[in-house]
>>> print(open('model_37.txt').read())   # compact mmCIF, C-alpha atoms and all ligand atoms
# COMPACT_ATOMS: atom_id res chain seq x y z
CA MET A 1 0.00 0.00 0.00
CA THR A 2 1.31 3.49 -0.85
CA THR A 3 0.25 5.86 1.91
CA PRO A 4 1.01 9.41 2.97
CA SER A 5 3.78 9.50 5.55
CA PRO A 6 2.78 9.56 9.22
CA ALA A 7 3.95 13.18 9.61
CA GLY A 8 2.63 14.09 6.16
CA ASN A 9 5.81 15.60 4.75
CA LEU A 10 6.83 12.66 2.52
CA SER A 11 5.60 12.38 -1.08
CA PHE A 12 4.78 8.75 -0.37
CA PHE A 13 5.49 5.85 1.95
CA LYS A 14 5.29 2.32 0.52
CA ASP A 15 5.25 -0.54 3.02
CA LEU A 16 6.63 -3.73 1.47
CA HIS A 17 8.18 -4.97 4.73
CA PRO A 18 8.57 -8.77 4.55
CA PRO A 19 6.12 -10.70 6.76
CA GLN A 20 7.35 -11.86 10.19
CA SER A 21 7.33 -15.45 8.88
CA HIS A 22 10.48 -14.60 6.81
CA PHE A 23 12.39 -13.64 9.95
CA ARG A 24 11.17 -16.81 11.72
CA GLU A 25 12.11 -19.07 8.77
CA ASP A 26 15.57 -17.51 8.41
CA VAL A 27 16.27 -17.90 12.14
CA LEU A 28 14.91 -21.46 12.45
CA ASN A 29 16.71 -22.60 9.27
CA GLY A 30 19.91 -20.84 10.27
CA LEU A 31 19.97 -22.30 13.79
CA SER A 32 19.25 -25.80 12.40
CA LYS A 33 22.40 -25.84 10.23
CA ALA A 34 25.57 -27.67 11.30
CA ARG A 35 27.28 -24.23 11.15
CA LYS A 36 24.68 -21.87 12.52
CA SER A 37 24.13 -18.57 10.71
CA ILE A 38 21.52 -15.79 10.47
CA PRO A 39 21.48 -13.21 7.61
CA PRO A 40 22.68 -9.73 8.70
CA LYS A 41 19.55 -7.97 7.43
CA HIS A 42 17.88 -9.17 10.65
CA PHE A 43 20.13 -6.95 12.81
CA TYR A 44 18.03 -3.96 11.84
CA ASP A 45 15.11 -3.59 14.21
CA ALA A 46 14.78 -0.03 15.58
CA ARG A 47 17.43 -0.70 18.28
CA GLY A 48 19.79 -2.35 15.74
CA SER A 49 19.54 0.67 13.43
CA ALA A 50 20.24 3.05 16.33
CA LEU A 51 23.24 0.93 17.38
CA PHE A 52 24.57 0.93 13.80
CA ASP A 53 24.45 4.74 13.90
CA ASP A 54 26.46 4.64 17.13
CA ILE A 55 29.02 2.33 15.49
CA THR A 56 29.59 4.89 12.74
CA GLY A 57 30.61 7.42 15.42
CA THR A 58 33.24 5.20 17.07
CA GLU A 59 36.92 5.93 16.64
CA ASP A 60 37.64 2.37 15.44
CA TYR A 61 34.98 2.29 12.68
CA TYR A 62 36.88 4.27 10.05
CA VAL A 63 34.45 3.19 7.28
CA SER A 64 31.76 5.91 7.51
CA ARG A 65 34.19 8.75 8.27
CA THR A 66 36.41 7.80 5.34
CA GLU A 67 33.54 7.50 2.87
CA LEU A 68 32.14 10.86 4.00
CA SER A 69 35.54 12.49 3.50
CA ILE A 70 35.68 11.17 -0.08
CA LEU A 71 32.13 12.42 -0.72
CA ASP A 72 33.16 15.84 0.58
CA THR A 73 35.96 15.96 -1.96
CA ILE A 74 33.99 14.71 -4.97
CA ALA A 75 30.50 16.15 -4.37
CA ASP A 76 30.84 18.80 -7.09
CA GLU A 77 32.24 16.27 -9.56
CA ILE A 78 29.31 13.93 -8.86
CA ALA A 79 26.90 16.84 -9.27
CA ALA A 80 28.36 17.58 -12.71
CA LYS A 81 28.07 13.93 -13.75
CA ALA A 82 24.52 13.55 -12.43
CA GLY A 83 23.29 16.72 -14.13
CA SER A 84 20.22 18.76 -13.30
CA GLY A 85 16.99 17.22 -11.96
CA ALA A 86 18.40 13.84 -10.89
CA VAL A 87 16.23 11.29 -9.11
CA VAL A 88 18.34 9.83 -6.31
CA ILE A 89 17.45 6.34 -5.06
CA GLU A 90 19.22 5.00 -1.98
CA PRO A 91 18.78 1.32 -1.04
CA GLY A 92 19.86 0.53 2.56
CA SER A 93 19.55 4.22 3.38
CA GLY A 94 19.82 3.86 7.18
CA SER A 95 19.92 7.34 8.67
CA SER A 96 20.26 9.02 5.24
CA VAL A 97 23.32 10.90 6.53
CA LYS A 98 25.67 10.56 3.56
CA ILE A 99 23.01 11.66 1.12
CA ASP A 100 23.02 15.15 2.68
CA LYS A 101 26.32 15.91 1.02
CA LEU A 102 25.11 14.76 -2.40
CA LEU A 103 21.71 16.43 -2.24
CA SER A 104 23.32 19.69 -1.16
CA ALA A 105 25.71 19.54 -4.13
CA LEU A 106 23.26 18.34 -6.83
CA ASP A 107 21.63 20.80 -9.20
CA HIS A 108 17.89 20.84 -8.37
CA PRO A 109 17.46 17.12 -7.65
CA ALA A 110 13.92 16.05 -8.61
CA ALA A 111 13.44 13.54 -5.82
CA TYR A 112 15.07 11.39 -3.17
CA ILE A 113 13.72 7.87 -2.66
CA ALA A 114 15.04 5.91 0.33
CA LEU A 115 14.59 2.15 0.66
CA ASP A 116 15.33 0.23 3.84
CA ILE A 117 14.14 -2.82 5.77
CA SER A 118 14.09 -0.97 9.12
CA LYS A 119 10.68 0.72 9.04
CA GLU A 120 10.56 3.14 11.97
CA HIS A 121 14.12 4.25 11.39
CA LEU A 122 13.47 4.77 7.67
CA ILE A 123 10.37 6.90 8.25
CA ALA A 124 12.06 9.02 10.93
CA ALA A 125 15.18 9.58 8.79
CA CYS A 126 13.15 10.53 5.69
CA GLU A 127 10.84 12.88 7.57
CA ASP A 128 13.85 14.58 9.06
CA LEU A 129 15.52 14.87 5.64
CA ALA A 130 12.32 16.26 4.07
CA LYS A 131 12.37 19.04 6.70
CA ARG A 132 16.00 19.86 5.93
CA PHE A 133 15.50 19.89 2.14
CA ASP A 134 12.40 21.99 1.85
CA GLY A 135 10.69 21.50 -1.52
CA LEU A 136 12.48 18.22 -2.36
CA GLU A 137 10.16 15.28 -3.12
CA VAL A 138 11.08 12.57 -0.60
CA GLY A 139 9.63 9.05 -0.82
CA ALA A 140 10.26 6.09 1.48
CA VAL A 141 9.97 2.39 0.66
CA CYS A 142 10.22 -0.19 3.42
CA ALA A 143 11.38 -3.34 1.64
CA ASP A 144 13.97 -6.10 1.50
CA PHE A 145 16.15 -5.28 -1.50
CA THR A 146 17.15 -8.93 -1.89
CA GLN A 147 13.54 -9.53 -2.97
CA PRO A 148 12.08 -8.08 -6.19
CA VAL A 149 11.03 -4.42 -5.73
CA ALA A 150 9.01 -3.07 -8.67
CA LEU A 151 10.26 0.52 -8.77
CA ASP A 152 8.10 1.27 -11.79
CA ASP A 153 4.96 0.72 -9.68
CA LEU A 154 6.04 3.56 -7.36
CA PRO A 155 5.26 7.24 -7.91
CA ILE A 156 8.87 8.08 -8.78
CA PRO A 157 9.28 11.18 -10.98
CA GLN A 158 10.92 11.04 -14.39
CA GLY A 159 14.56 12.07 -14.63
CA LYS A 160 18.04 10.65 -14.74
CA ARG A 161 18.40 8.13 -11.91
CA LEU A 162 21.36 8.07 -9.57
CA VAL A 163 21.26 4.93 -7.42
CA PHE A 164 23.42 5.56 -4.33
CA PHE A 165 24.59 2.53 -2.31
CA PRO A 166 27.16 3.66 0.27
CA GLY A 167 28.40 2.06 3.48
CA SER A 168 30.05 -0.96 1.83
CA THR A 169 26.76 -2.80 2.39
CA ILE A 170 27.63 -4.70 -0.82
CA GLY A 171 30.36 -6.39 1.28
CA ASN A 172 27.71 -8.08 3.44
CA PHE A 173 26.95 -10.43 0.56
CA GLU A 174 28.87 -13.49 -0.58
CA PRO A 175 30.05 -13.18 -4.20
CA GLY A 176 26.89 -14.78 -5.70
CA GLY A 177 24.60 -12.57 -3.60
CA ALA A 178 26.61 -9.44 -4.40
CA LYS A 179 26.34 -10.19 -8.13
CA ALA A 180 22.57 -10.78 -7.77
CA LEU A 181 22.15 -7.48 -5.89
CA LEU A 182 24.13 -5.56 -8.51
CA GLU A 183 21.91 -7.18 -11.16
CA THR A 184 18.86 -5.89 -9.26
CA PHE A 185 20.33 -2.37 -9.28
CA HIS A 186 21.20 -2.81 -12.98
CA GLY A 187 17.49 -3.45 -13.55
CA TRP A 188 16.67 -0.09 -11.90
CA LEU A 189 18.95 1.79 -14.32
CA ARG A 190 17.98 3.03 -17.76
CA PRO A 191 20.55 4.12 -20.36
CA GLY A 192 22.29 7.24 -19.02
CA ASP A 193 21.52 6.41 -15.36
CA ALA A 194 24.28 5.59 -12.89
CA LEU A 195 25.07 3.69 -9.69
CA LEU A 196 27.38 5.32 -7.13
CA ILE A 197 28.54 2.62 -4.75
CA GLY A 198 30.99 2.57 -1.83
CA ALA A 199 33.14 -0.49 -1.13
CA ASP A 200 35.68 -0.94 1.63
CA ARG A 201 39.22 -2.01 0.74
CA VAL A 202 41.44 -4.86 1.94
CA LYS A 203 43.81 -3.62 4.68
CA SER A 204 45.61 -4.88 7.77
CA ALA A 205 43.89 -7.46 9.98
CA GLU A 206 44.41 -5.25 13.03
CA ILE A 207 42.60 -2.23 11.56
CA LEU A 208 39.80 -4.42 10.24
CA GLU A 209 39.25 -6.43 13.41
CA ASN A 210 39.27 -3.29 15.58
CA ALA A 211 36.69 -1.68 13.26
CA TYR A 212 34.32 -4.60 13.87
CA ASP A 213 35.11 -4.98 17.58
CA ASP A 214 35.38 -1.38 18.75
CA ALA A 215 36.86 -0.51 22.11
CA LEU A 216 33.54 0.88 23.41
CA GLY A 217 31.73 -2.40 22.75
CA VAL A 218 29.10 -0.83 20.49
CA THR A 219 29.54 -3.45 17.74
CA ALA A 220 29.30 -6.17 20.38
CA ALA A 221 25.98 -4.68 21.57
CA PHE A 222 24.79 -4.49 17.93
CA ASN A 223 25.60 -8.18 17.35
CA LEU A 224 24.07 -9.34 20.67
CA ASN A 225 20.91 -7.28 20.00
CA LEU A 226 19.99 -9.89 17.39
CA LEU A 227 19.44 -12.38 20.23
CA THR A 228 17.27 -9.88 22.12
CA ARG A 229 15.25 -9.35 18.95
CA ILE A 230 14.77 -13.12 18.53
CA ASN A 231 13.64 -13.43 22.17
CA ARG A 232 11.14 -10.58 21.77
CA GLU A 233 9.73 -11.27 18.32
CA LEU A 234 10.03 -15.07 18.04
CA ASN A 235 9.25 -16.09 21.59
CA GLY A 236 12.89 -17.06 22.17
CA THR A 237 14.50 -18.14 25.43
CA LEU A 238 18.14 -17.36 24.55
CA ASP A 239 20.35 -16.37 27.49
CA VAL A 240 22.08 -13.34 25.95
CA ASP A 241 24.74 -13.47 28.70
CA ALA A 242 25.76 -16.93 27.49
CA PHE A 243 27.12 -15.37 24.25
CA LYS A 244 29.96 -13.04 23.34
CA HIS A 245 30.74 -11.05 20.21
CA CYS A 246 33.69 -12.05 18.05
CA ALA A 247 35.06 -10.43 14.84
CA THR A 248 37.87 -12.08 12.85
CA TRP A 249 39.55 -11.31 9.54
CA ASN A 250 39.35 -14.29 7.18
CA ALA A 251 42.21 -13.53 4.78
CA ASP A 252 41.41 -16.46 2.46
CA LEU A 253 37.92 -15.12 1.78
CA ALA A 254 38.89 -11.42 2.21
CA ARG A 255 36.18 -10.75 4.76
CA VAL A 256 35.65 -9.81 8.38
CA GLU A 257 33.34 -12.37 9.97
CA MET A 258 31.15 -11.56 12.96
CA HIS A 259 30.02 -14.42 15.18
CA LEU A 260 28.10 -14.85 18.41
CA VAL A 261 30.11 -17.38 20.38
CA ALA A 262 28.57 -19.56 23.10
CA LYS A 263 30.64 -18.91 26.25
CA ARG A 264 29.32 -22.17 27.77
CA GLY A 265 26.97 -24.96 26.78
CA THR A 266 23.49 -23.47 26.38
CA GLN A 267 19.97 -24.65 25.52
CA PHE A 268 17.12 -22.50 24.27
CA SER A 269 13.99 -22.54 22.18
CA VAL A 270 12.75 -20.24 19.40
CA SER A 271 9.11 -20.32 18.29
CA GLY A 272 8.74 -23.59 20.20
CA GLN A 273 11.73 -25.31 18.51
CA ASP A 274 14.55 -26.50 20.79
CA PHE A 275 18.27 -25.89 20.14
CA GLN A 276 21.48 -26.51 22.01
CA MET A 277 24.99 -25.20 21.53
CA LYS A 278 28.30 -26.38 22.95
CA ALA A 279 30.84 -24.00 24.51
CA GLY A 280 32.77 -22.31 21.67
CA GLU A 281 30.10 -23.04 19.03
CA THR A 282 29.09 -19.94 17.06
CA ILE A 283 26.22 -18.31 15.20
CA HIS A 284 27.72 -16.58 12.14
CA THR A 285 25.87 -13.27 11.85
CA GLU A 286 27.72 -11.12 9.30
CA ASN A 287 30.40 -11.06 6.62
CA SER A 288 31.97 -7.79 5.51
CA HIS A 289 33.88 -8.56 2.34
CA LYS A 290 36.75 -6.21 1.49
CA PHE A 291 37.75 -5.46 -2.07
CA THR A 292 40.74 -4.51 -4.15
CA ILE A 293 39.81 -2.18 -7.03
CA PRO A 294 40.36 -4.94 -9.65
CA ARG A 295 38.22 -7.40 -7.69
CA PHE A 296 35.37 -4.91 -7.34
CA THR A 297 35.64 -4.01 -11.02
CA ALA A 298 35.36 -7.72 -11.92
CA LEU A 299 32.33 -8.12 -9.62
CA ALA A 300 30.63 -5.15 -11.31
CA ALA A 301 31.44 -6.56 -14.76
CA SER A 302 29.83 -9.87 -13.77
CA ALA A 303 26.58 -7.90 -13.35
CA ASP A 304 27.05 -6.10 -16.68
CA LEU A 305 28.12 -2.84 -15.04
CA ASP A 306 31.15 -0.80 -16.13
CA VAL A 307 33.28 1.17 -13.67
CA LYS A 308 33.50 4.59 -15.35
CA GLN A 309 35.39 6.28 -12.52
CA ASP A 310 36.58 5.60 -8.99
CA TRP A 311 37.74 7.77 -6.10
CA SER A 312 39.69 6.72 -3.00
CA ASP A 313 40.94 8.46 0.13
CA ALA A 314 44.66 9.20 0.46
CA ARG A 315 45.27 6.12 2.65
CA GLY A 316 43.51 3.83 0.14
CA TYR A 317 41.09 2.62 2.82
CA PHE A 318 37.85 3.00 0.86
CA THR A 319 36.69 3.52 -2.74
CA LEU A 320 33.58 5.00 -4.33
CA TYR A 321 32.74 3.73 -7.84
CA TRP A 322 30.63 5.33 -10.57
CA LEU A 323 29.00 2.48 -12.52
CA GLU A 324 26.91 2.51 -15.67
CA ARG A 325 25.22 -0.23 -17.67
CA ALA A 326 27.77 -1.92 -19.91
C1 LIG B 401 25.68 -1.18 6.88
S1 LIG B 401 24.20 -0.26 7.08
C2 LIG B 401 24.56 1.15 6.02
C3 LIG B 401 23.67 2.32 6.29
C4 LIG B 401 23.98 3.56 5.42
N1 LIG B 401 23.73 3.29 4.01
C5 LIG B 401 25.39 4.03 5.61
O1 LIG B 401 26.14 4.05 4.62
O2 LIG B 401 25.75 4.39 6.74
C6 LIG B 401 23.09 -1.21 6.09
C7 LIG B 401 21.70 -0.58 5.91
O3 LIG B 401 21.00 -1.38 4.95
C8 LIG B 401 19.76 -1.81 5.49
N2 LIG B 401 19.56 -3.18 4.99
C9 LIG B 401 20.34 -4.26 5.25
N3 LIG B 401 19.90 -5.32 4.55
C10 LIG B 401 18.80 -4.89 3.87
C11 LIG B 401 17.90 -5.53 2.97
N4 LIG B 401 18.03 -6.82 2.65
N5 LIG B 401 16.92 -4.79 2.42
C12 LIG B 401 16.77 -3.45 2.73
N6 LIG B 401 17.59 -2.81 3.58
C13 LIG B 401 18.59 -3.52 4.14
C14 LIG B 401 19.89 -1.74 7.00
O4 LIG B 401 18.65 -1.54 7.63
C15 LIG B 401 20.85 -0.56 7.15
O5 LIG B 401 20.16 0.65 7.20
>>> encode(input="model_37.txt", output="structure tokens", more="lines below")
Ligand SMILES: C[S@@+](CC[C@H](N)C(=O)[O-])C[C@H]1O[C@@H](n2cnc3c(N)ncnc32)[C@H](O)[C@@H]1O
Amino acid sequence: MTTPSPAGNLSFFKDLHPPQSHFREDVLNGLSKARKSIPPKHFYDARGSALFDDITGTEDYYVSRTELSILDTIADEIAAKAGSGAVVIEPGSGSSVKIDKLLSALDHPAAYIALDISKEHLIAACEDLAKRFDGLEVGAVCADFTQPVALDDLPIPQGKRLVFFPGSTIGNFEPGGAKALLETFHGWLRPGDALLIGADRVKSAEILENAYDDALGVTAAFNLNLLTRINRELNGTLDVDAFKHCATWNADLARVEMHLVAKRGTQFSVSGQDFQMKAGETIHTENSHKFTIPRFTALAASADLDVKQDWSDARGYFTLYWLERA
């Protein structure tokens, strides 16, 4: 259903949030595997989204700060490439913070459409942005972007599309899933449109592991919040204190892995189904793949997207890519 926004200052709000049964199936299937895992999209209830925002402010999490610094440098260049009257679409928009820099630099953007799975957070962020950018059409879509989203059924204005996918969220997908997601974005582009995407780079294990296990324990709280969410929404009986957060760099697969490790043997049930874990057994909750520029370029090419330009910070920590349909 496309509805007016709760505060009335959005052009539209479309609620395509997946039913609760998807969360339950993912959790029950994931906990039933020999190597337990739960997809990272389930981190993002309202508390998870707020904790992610807190992570971006920690000293150890260089990712957001670095990407913002690149955007600062290239905003005018992006504005020239995007042209006048662009329609900006941001999947996984979170708090819509990075978009401020682009929208401020763009020449009379026609609209900003944010898409995220975290409903309350999405609505609050978009309503706030609509207040800051008076006169800009702002639409919000609550949806899972790994499922088909028919953009053409939404009241999106005409104009050159700029799909903006920052935050290295692409790194949360294994290679096949990343290719599939880029193919989805490819399907949103028409000739002349572009995808601006941020991807984190391979670097030392120490920097990477600290970024995903910050000294203040915010990332640990973010990871453990998944268990609290399961207890609340799926009638779970997990003892959150029986688990600890762990982040390790897997050099062979070029990714930081986040796990919830059982500190001792523990038994629990979720939606009436019983599980047990031995001490040291883990639930794998997130991968953050890191890219070299050639590897990212090859990934884009596998989805029929050409890297037309890329920009990195001076330390070579992070890269933004301008992609167009091949
Ligand atoms: C790593 S955060 C990045 C947030 C923001 N783009 C940034 O750069 O700071 C990932 C965001 O994508 C959203 N997200 C994750 N998986 C999603 C999915 N499958 N469908 C829609 N949104 C998703 C989360 O709710 C969260 O806001």
>>> residues_near_point(input="model_37.txt", point="(14.2, 8.7, 1.1)", cutoff="12 Å", atoms="all atoms listed in the file", output="PyMOL selection string")
chain A and resi 5+9-14+87-100+103+111-116+119+121-131+133+136-142+156+163-164
>>> closest_residue(input="model_37.txt", among="A:Ser104, A:Thr146, A:Asn231, A:Thr219", to="ligand LIG 401 (chain B)", atoms="all atoms listed in the file")
A:Thr146
>>> residues_around(input="model_37.txt", residues="Gly177 (chain A)", least_positions_apart="3", cutoff="12 Å", atoms="all atoms listed in the file", output="ChimeraX atom specification")
/A:39,145-147,169-174,180-184,287,289,299,302-303
>>> write_last_selection(input="model_37.txt", atoms="C-alpha atoms", output="compact mmCIF listing (two decimals), in the frame of the given file")
# COMPACT_ATOMS: atom_id res chain seq x y z
CA PRO A 39 21.48 -13.21 7.61
CA PHE A 145 16.15 -5.28 -1.50
CA THR A 146 17.15 -8.93 -1.89
CA GLN A 147 13.54 -9.53 -2.97
CA THR A 169 26.76 -2.80 2.39
CA ILE A 170 27.63 -4.70 -0.82
CA GLY A 171 30.36 -6.39 1.28
CA ASN A 172 27.71 -8.08 3.44
CA PHE A 173 26.95 -10.43 0.56
CA GLU A 174 28.87 -13.49 -0.58
CA ALA A 180 22.57 -10.78 -7.77
CA LEU A 181 22.15 -7.48 -5.89
CA LEU A 182 24.13 -5.56 -8.51
CA GLU A 183 21.91 -7.18 -11.16
CA THR A 184 18.86 -5.89 -9.26
CA ASN A 287 30.40 -11.06 6.62
CA HIS A 289 33.88 -8.56 2.34
CA LEU A 299 32.33 -8.12 -9.62
CA SER A 302 29.83 -9.87 -13.77
CA ALA A 303 26.58 -7.90 -13.35
>>> closest_residue(input="model_37.txt", among="A:Val270, A:Ala110, A:Ile283, A:Leu154", to="Arg229 (chain A)", atoms="all atoms listed in the file")
A:Val270
>>> atom_distance(input="model_37.txt", atom1="CA of Asn225 (chain A)", atom2="CA of Asp53 (chain A)")
13.9 Å
>>> axis_aligned_box(input="model_37.txt", around="ligand LIG 401 (chain B)", padding_each_side="5 Å", output="AutoDock Vina command-line options")
--center_x 21.5 --center_y -1.2 --center_z 5.0 --size_x 19.4 --size_y 21.2 --size_z 15.2
>>> decode(input="model_37.txt", residues="region 233-259 of chain A", atoms="C-alpha atoms", output="PDB file, in the first residue's frame")
ATOM      1  CA  GLU A 233       9.734 -11.274  18.320  1.00  0.00           C
ATOM      2  CA  LEU A 234      10.028 -15.066  18.044  1.00  0.00           C
ATOM      3  CA  ASN A 235       9.250 -16.089  21.586  1.00  0.00           C
ATOM      4  CA  GLY A 236      12.889 -17.056  22.173  1.00  0.00           C
ATOM      5  CA  THR A 237      14.500 -18.143  25.434  1.00  0.00           C
ATOM      6  CA  LEU A 238      18.138 -17.359  24.555  1.00  0.00           C
ATOM      7  CA  ASP A 239      20.353 -16.369  27.487  1.00  0.00           C
ATOM      8  CA  VAL A 240      22.076 -13.336  25.953  1.00  0.00           C
ATOM      9  CA  ASP A 241      24.743 -13.470  28.695  1.00  0.00           C
ATOM     10  CA  ALA A 242      25.762 -16.933  27.486  1.00  0.00           C
ATOM     11  CA  PHE A 243      27.120 -15.373  24.253  1.00  0.00           C
ATOM     12  CA  LYS A 244      29.962 -13.044  23.342  1.00  0.00           C
ATOM     13  CA  HIS A 245      30.741 -11.048  20.208  1.00  0.00           C
ATOM     14  CA  CYS A 246      33.694 -12.047  18.047  1.00  0.00           C
ATOM     15  CA  ALA A 247      35.061 -10.432  14.844  1.00  0.00           C
ATOM     16  CA  THR A 248      37.866 -12.075  12.853  1.00  0.00           C
ATOM     17  CA  TRP A 249      39.546 -11.308   9.536  1.00  0.00           C
ATOM     18  CA  ASN A 250      39.349 -14.290   7.184  1.00  0.00           C
ATOM     19  CA  ALA A 251      42.212 -13.531   4.779  1.00  0.00           C
ATOM     20  CA  ASP A 252      41.414 -16.459   2.461  1.00  0.00           C
ATOM     21  CA  LEU A 253      37.922 -15.119   1.783  1.00  0.00           C
ATOM     22  CA  ALA A 254      38.888 -11.422   2.207  1.00  0.00           C
ATOM     23  CA  ARG A 255      36.183 -10.754   4.762  1.00  0.00           C
ATOM     24  CA  VAL A 256      35.651  -9.814   8.384  1.00  0.00           C
ATOM     25  CA  GLU A 257      33.339 -12.370   9.974  1.00  0.00           C
ATOM     26  CA  MET A 258      31.152 -11.558  12.962  1.00  0.00           C
ATOM     27  CA  HIS A 259      30.018 -14.415  15.177  1.00  0.00           C
TER      28      HIS A 259
END
